[in-house]
$ cat final_32.pdb   # PDB, C-alpha atoms
ATOM      1  CA  MET A   2    -104.827  65.157-109.568  1.00  0.00           C
ATOM      2  CA  ALA A   3    -105.109  62.690-106.717  1.00  0.00           C
ATOM      3  CA  PRO A   4    -106.360  59.214-107.568  1.00  0.00           C
ATOM      4  CA  TYR A   5    -109.863  58.443-106.424  1.00  0.00           C
ATOM      5  CA  LYS A   6    -111.367  55.282-105.030  1.00  0.00           C
ATOM      6  CA  LYS A   7    -113.990  53.820-107.348  1.00  0.00           C
ATOM      7  CA  ILE A   8    -117.269  53.516-105.478  1.00  0.00           C
ATOM      8  CA  PHE A   9    -119.724  53.162-108.371  1.00  0.00           C
ATOM      9  CA  GLY A  10    -120.458  49.587-109.356  1.00  0.00           C
ATOM     10  CA  THR A  11    -122.493  48.303-112.263  1.00  0.00           C
ATOM     11  CA  ASP A  12    -125.679  49.879-110.903  1.00  0.00           C
ATOM     12  CA  GLY A  13    -124.735  52.800-108.682  1.00  0.00           C
ATOM     13  CA  VAL A  14    -123.251  52.692-105.197  1.00  0.00           C
ATOM     14  CA  ARG A  15    -124.311  49.738-103.055  1.00  0.00           C
ATOM     15  CA  GLY A  16    -123.377  48.042 -99.828  1.00  0.00           C
ATOM     16  CA  THR A  17    -124.323  47.586 -96.209  1.00  0.00           C
ATOM     17  CA  ALA A  18    -125.868  50.720 -94.738  1.00  0.00           C
ATOM     18  CA  ASN A  19    -123.575  52.672 -92.393  1.00  0.00           C
ATOM     19  CA  ILE A  20    -120.478  50.945 -93.770  1.00  0.00           C
ATOM     20  CA  GLU A  21    -118.459  52.668 -96.517  1.00  0.00           C
ATOM     21  CA  PRO A  22    -119.423  53.541 -99.137  1.00  0.00           C
ATOM     22  CA  VAL A  23    -123.082  53.625 -98.005  1.00  0.00           C
ATOM     23  CA  THR A  24    -122.723  56.166 -95.198  1.00  0.00           C
ATOM     24  CA  ALA A  25    -124.197  59.588 -94.554  1.00  0.00           C
ATOM     25  CA  GLU A  26    -120.763  61.161 -95.057  1.00  0.00           C
ATOM     26  CA  THR A  27    -120.308  59.584 -98.479  1.00  0.00           C
ATOM     27  CA  ALA A  28    -123.902  60.422 -99.449  1.00  0.00           C
ATOM     28  CA  LEU A  29    -123.289  64.062 -98.525  1.00  0.00           C
ATOM     29  CA  LYS A  30    -120.158  64.124-100.694  1.00  0.00           C
ATOM     30  CA  LEU A  31    -121.951  62.371-103.560  1.00  0.00           C
ATOM     31  CA  GLY A  32    -124.773  64.906-103.346  1.00  0.00           C
ATOM     32  CA  ARG A  33    -122.353  67.832-103.525  1.00  0.00           C
ATOM     33  CA  ALA A  34    -120.368  66.300-106.367  1.00  0.00           C
ATOM     34  CA  ALA A  35    -123.443  65.310-108.370  1.00  0.00           C
ATOM     35  CA  ALA A  36    -124.975  68.767-107.965  1.00  0.00           C
ATOM     36  CA  HIS A  37    -121.714  70.318-109.157  1.00  0.00           C
ATOM     37  CA  VAL A  38    -121.564  68.064-112.224  1.00  0.00           C
ATOM     38  CA  PHE A  39    -125.227  68.464-113.205  1.00  0.00           C
ATOM     39  CA  ARG A  40    -125.262  72.187-112.490  1.00  0.00           C
ATOM     40  CA  ASN A  41    -122.377  72.694-114.885  1.00  0.00           C
ATOM     41  CA  MET A  42    -123.787  70.620-117.747  1.00  0.00           C
ATOM     42  CA  GLU A  43    -125.104  73.046-120.367  1.00  0.00           C
ATOM     43  CA  THR A  44    -127.752  70.664-121.669  1.00  0.00           C
ATOM     44  CA  VAL A  45    -129.690  70.252-118.437  1.00  0.00           C
ATOM     45  CA  ALA A  46    -130.983  73.710-117.543  1.00  0.00           C
ATOM     46  CA  ARG A  47    -133.706  73.690-120.218  1.00  0.00           C
ATOM     47  CA  GLY A  48    -134.414  77.379-119.830  1.00  0.00           C
ATOM     48  CA  ARG A  49    -135.073  77.255-116.085  1.00  0.00           C
ATOM     49  CA  GLU A  50    -133.405  79.650-113.704  1.00  0.00           C
ATOM     50  CA  ARG A  51    -132.735  76.948-111.093  1.00  0.00           C
ATOM     51  CA  HIS A  52    -131.525  73.399-111.371  1.00  0.00           C
ATOM     52  CA  LYS A  53    -133.366  70.537-109.670  1.00  0.00           C
ATOM     53  CA  ILE A  54    -132.689  66.932-108.776  1.00  0.00           C
ATOM     54  CA  VAL A  55    -135.414  64.417-107.919  1.00  0.00           C
ATOM     55  CA  ILE A  56    -134.866  61.971-105.024  1.00  0.00           C
ATOM     56  CA  GLY A  57    -136.953  58.843-104.465  1.00  0.00           C
ATOM     57  CA  LYS A  58    -136.353  55.812-102.294  1.00  0.00           C
ATOM     58  CA  ASP A  59    -137.640  52.445-101.199  1.00  0.00           C
ATOM     59  CA  THR A  60    -138.864  51.752 -97.657  1.00  0.00           C
ATOM     60  CA  ARG A  61    -135.578  50.720 -96.024  1.00  0.00           C
ATOM     61  CA  LEU A  62    -134.988  52.626 -92.791  1.00  0.00           C
ATOM     62  CA  SER A  63    -131.498  53.703 -93.841  1.00  0.00           C
ATOM     63  CA  GLY A  64    -133.044  55.463 -96.840  1.00  0.00           C
ATOM     64  CA  TYR A  65    -134.106  58.385 -94.665  1.00  0.00           C
ATOM     65  CA  MET A  66    -130.546  58.950 -93.462  1.00  0.00           C
ATOM     66  CA  LEU A  67    -129.136  58.740 -96.986  1.00  0.00           C
ATOM     67  CA  GLU A  68    -131.891  60.972 -98.389  1.00  0.00           C
ATOM     68  CA  ASN A  69    -131.129  63.695 -95.838  1.00  0.00           C
ATOM     69  CA  ALA A  70    -127.387  63.488 -96.466  1.00  0.00           C
ATOM     70  CA  LEU A  71    -127.741  63.526-100.263  1.00  0.00           C
ATOM     71  CA  SER A  72    -130.157  66.440-100.187  1.00  0.00           C
ATOM     72  CA  SER A  73    -127.893  68.406 -97.840  1.00  0.00           C
ATOM     73  CA  GLY A  74    -125.028  68.046-100.291  1.00  0.00           C
ATOM     74  CA  ILE A  75    -127.191  68.955-103.275  1.00  0.00           C
ATOM     75  CA  LEU A  76    -128.792  71.965-101.591  1.00  0.00           C
ATOM     76  CA  SER A  77    -125.396  73.231-100.420  1.00  0.00           C
ATOM     77  CA  MET A  78    -124.469  73.612-104.093  1.00  0.00           C
ATOM     78  CA  GLY A  79    -127.515  75.746-104.890  1.00  0.00           C
ATOM     79  CA  VAL A  80    -129.511  73.015-106.615  1.00  0.00           C
ATOM     80  CA  ASP A  81    -133.133  72.390-105.643  1.00  0.00           C
ATOM     81  CA  VAL A  82    -134.319  68.965-104.467  1.00  0.00           C
ATOM     82  CA  LEU A  83    -137.729  67.441-105.078  1.00  0.00           C
ATOM     83  CA  PHE A  84    -138.551  64.587-102.695  1.00  0.00           C
ATOM     84  CA  ILE A  85    -140.954  62.081-104.221  1.00  0.00           C
ATOM     85  CA  GLY A  86    -140.898  59.556-101.371  1.00  0.00           C
ATOM     86  CA  PRO A  87    -141.115  55.785-101.673  1.00  0.00           C
ATOM     87  CA  LEU A  88    -141.361  54.815-105.329  1.00  0.00           C
ATOM     88  CA  PRO A  89    -139.993  51.931-107.420  1.00  0.00           C
ATOM     89  CA  THR A  90    -136.839  52.598-109.415  1.00  0.00           C
ATOM     90  CA  PRO A  91    -138.628  52.877-112.789  1.00  0.00           C
ATOM     91  CA  GLY A  92    -141.031  55.373-111.200  1.00  0.00           C
ATOM     92  CA  VAL A  93    -138.168  57.626-110.121  1.00  0.00           C
ATOM     93  CA  ALA A  94    -136.715  57.473-113.638  1.00  0.00           C
ATOM     94  CA  TYR A  95    -140.122  58.369-115.109  1.00  0.00           C
ATOM     95  CA  VAL A  96    -140.693  61.287-112.721  1.00  0.00           C
ATOM     96  CA  THR A  97    -137.180  62.606-113.418  1.00  0.00           C
ATOM     97  CA  ARG A  98    -137.923  62.778-117.118  1.00  0.00           C
ATOM     98  CA  SER A  99    -141.524  63.982-116.748  1.00  0.00           C
ATOM     99  CA  LEU A 100    -140.579  66.875-114.470  1.00  0.00           C
ATOM    100  CA  ARG A 101    -137.616  67.795-116.675  1.00  0.00           C
ATOM    101  CA  ALA A 102    -135.267  67.538-113.728  1.00  0.00           C
ATOM    102  CA  ASP A 103    -131.541  67.769-114.268  1.00  0.00           C
ATOM    103  CA  ALA A 104    -131.095  64.348-112.686  1.00  0.00           C
ATOM    104  CA  GLY A 105    -132.789  61.760-110.530  1.00  0.00           C
ATOM    105  CA  ILE A 106    -131.575  59.685-107.619  1.00  0.00           C
ATOM    106  CA  VAL A 107    -133.141  56.542-106.213  1.00  0.00           C
ATOM    107  CA  ILE A 108    -132.042  55.176-102.848  1.00  0.00           C
ATOM    108  CA  THR A 109    -132.491  51.412-102.941  1.00  0.00           C
ATOM    109  CA  ALA A 110    -130.584  48.163-102.876  1.00  0.00           C
ATOM    110  CA  SER A 111    -133.240  46.465-105.000  1.00  0.00           C
ATOM    111  CA  HIS A 112    -133.352  42.741-104.241  1.00  0.00           C
ATOM    112  CA  ASN A 113    -130.404  42.823-101.814  1.00  0.00           C
ATOM    113  CA  PRO A 114    -130.866  42.214 -98.050  1.00  0.00           C
ATOM    114  CA  TYR A 115    -132.737  44.798 -95.981  1.00  0.00           C
ATOM    115  CA  ASP A 116    -129.595  46.023 -94.174  1.00  0.00           C
ATOM    116  CA  ASP A 117    -128.055  46.940 -97.539  1.00  0.00           C
ATOM    117  CA  ASN A 118    -128.820  50.107 -99.433  1.00  0.00           C
ATOM    118  CA  GLY A 119    -127.609  51.967-102.466  1.00  0.00           C
ATOM    119  CA  ILE A 120    -127.661  55.170-104.464  1.00  0.00           C
ATOM    120  CA  LYS A 121    -128.416  55.144-108.177  1.00  0.00           C
ATOM    121  CA  PHE A 122    -128.331  58.226-110.392  1.00  0.00           C
ATOM    122  CA  PHE A 123    -130.359  58.955-113.522  1.00  0.00           C
ATOM    123  CA  ARG A 124    -129.734  61.436-116.297  1.00  0.00           C
ATOM    124  CA  SER A 125    -132.399  64.000-117.140  1.00  0.00           C
ATOM    125  CA  ASP A 126    -133.917  61.561-119.653  1.00  0.00           C
ATOM    126  CA  GLY A 127    -134.424  58.935-116.925  1.00  0.00           C
ATOM    127  CA  TYR A 128    -131.649  56.611-118.050  1.00  0.00           C
ATOM    128  CA  LYS A 129    -128.666  55.388-116.030  1.00  0.00           C
ATOM    129  CA  LEU A 130    -125.636  57.670-115.933  1.00  0.00           C
ATOM    130  CA  ASP A 131    -122.836  57.092-118.390  1.00  0.00           C
ATOM    131  CA  ASP A 132    -119.585  55.807-116.879  1.00  0.00           C
ATOM    132  CA  THR A 133    -117.876  59.098-117.753  1.00  0.00           C
ATOM    133  CA  ILE A 134    -120.354  61.110-115.667  1.00  0.00           C
ATOM    134  CA  GLU A 135    -120.043  58.655-112.772  1.00  0.00           C
ATOM    135  CA  ALA A 136    -116.264  59.093-112.964  1.00  0.00           C
ATOM    136  CA  GLN A 137    -116.645  62.891-112.826  1.00  0.00           C
ATOM    137  CA  ILE A 138    -118.751  62.565-109.673  1.00  0.00           C
ATOM    138  CA  GLU A 139    -116.263  60.161-108.071  1.00  0.00           C
ATOM    139  CA  GLU A 140    -113.313  62.437-108.833  1.00  0.00           C
ATOM    140  CA  LEU A 141    -114.861  65.321-106.914  1.00  0.00           C
TER     141      LEU A 141
END
$ encode --input "final_32.pdb" --output "structure tokens"
Amino acid sequence: MAPYKKIFGTDGVRGTANIEPVTAETALKLGRAAAHVFRNMETVARGRERHKIVIGKDTRLSGYMLENALSSGILSMGVDVLFIGPLPTPGVAYVTRSLRADAGIVITASHNPYDDNGIKFFRSDGYKLDDTIEAQIEEL
């Protein structure tokens, strides 16, 4: 197995938009990898025929680019995407759990400068991903 470059920090993937790792290309790959990981977790289907991932974001302009790239990767793996638009991070976590989605993603850099952005993943219960799941996504 080839070594991978760690891109997840303490709270998701963050950096200046359009500079690695916060690019459309990386977001596409993260979307594909995340969909693969969540699709193959037995505990997430909850009796549904199709898997779904919720995506929310803040109002940074780069969020639209990252949202499209992430969703393209997710959809390419046969997982549905539910766009919930601009919403604070806790709101995305709440909606993820309430809608019984397999996972949630929020595109935000929180308090960081406007030209920054980031991608944070939630488990189906609305909590931050465990390091082991982040590592699985990075390895793909």
$ residues_around --input "final_32.pdb" --residues "Asp81 of chain A" --least-positions-apart "6" --cutoff "12 Å" --atoms "all atoms listed in the file" --output "number ranges by chain"
A: 32-33, 36, 39-40, 49-56, 71-75, 102-105
$ write_last_selection --input "final_32.pdb" --atoms "C-alpha atoms" --output "tab-separated table (two decimals), keeping the file's coordinate frame"
chain	number	residue	atom	x	y	z
A	32	GLY	CA	-124.77	64.91	-103.35
A	33	ARG	CA	-122.35	67.83	-103.52
A	36	ALA	CA	-124.98	68.77	-107.96
A	39	PHE	CA	-125.23	68.46	-113.20
A	40	ARG	CA	-125.26	72.19	-112.49
A	49	ARG	CA	-135.07	77.26	-116.08
A	50	GLU	CA	-133.40	79.65	-113.70
A	51	ARG	CA	-132.74	76.95	-111.09
A	52	HIS	CA	-131.52	73.40	-111.37
A	53	LYS	CA	-133.37	70.54	-109.67
A	54	ILE	CA	-132.69	66.93	-108.78
A	55	VAL	CA	-135.41	64.42	-107.92
A	56	ILE	CA	-134.87	61.97	-105.02
A	71	LEU	CA	-127.74	63.53	-100.26
A	72	SER	CA	-130.16	66.44	-100.19
A	73	SER	CA	-127.89	68.41	-97.84
A	74	GLY	CA	-125.03	68.05	-100.29
A	75	ILE	CA	-127.19	68.96	-103.28
A	102	ALA	CA	-135.27	67.54	-113.73
A	103	ASP	CA	-131.54	67.77	-114.27
A	104	ALA	CA	-131.10	64.35	-112.69
A	105	GLY	CA	-132.79	61.76	-110.53
$ residues_around --input "final_32.pdb" --residues "segment 84-91 of chain A" --least-positions-apart "4" --cutoff "10 Å" --atoms "all atoms listed in the file" --output "PyMOL selection string"
chain A and resi 54-61+64-65+68+72+95-97+106-109+111+121+123+127-128
$ resolve_selection --input "final_32.pdb" --expression "the PyMOL selection byres ((chain A and resi 19-22) around 10)" --output "NGL selection string"
:A and (7-9 or 14-18 or 23-28 or 63 or 66-67 or 116-120)
$ atom_distance --input "final_32.pdb" --atom1 "atom CA of His112 of chain A" --atom2 "atom CA of Ala35 of chain A"
25.0 Å
$ closest_residue --input "final_32.pdb" --among "A:Lys129, A:Pro114, A:Ser99, A:Val80" --to "Val38 of chain A" --atoms "only C-alpha atoms"
A:Val80
$ atom_distance --input "final_32.pdb" --atom1 "atom CA of Glu140 of chain A" --atom2 "atom CA of Ser125 of chain A"
20.9 Å
$ residues_near_point --input "final_32.pdb" --point "(-116.5, 68.6, -105.2)" --cutoff "8 Å" --atoms "only C-alpha atoms" --output "PyMOL selection string"
chain A and resi 30+33-34+37+138+140-141
$ atom_distance --input "final_32.pdb" --atom1 "atom CA of Leu83 of chain A" --atom2 "atom CA of Arg124 of chain A"
15.0 Å
$ closest_residue --input "final_32.pdb" --among "A:Lys6, A:Asp126, A:Asn69, A:Val93" --to "Glu139 of chain A" --atoms "only C-alpha atoms"
A:Lys6
$ axis_aligned_box --input "final_32.pdb" --around "segment 89-103 of chain A" --padding-each-side "4 Å" --output "lines of an AutoDock Vina configuration file"
center_x = -136.5
center_y = 59.9
center_z = -112.3
size_x = 18.0
size_y = 23.9
size_z = 17.7
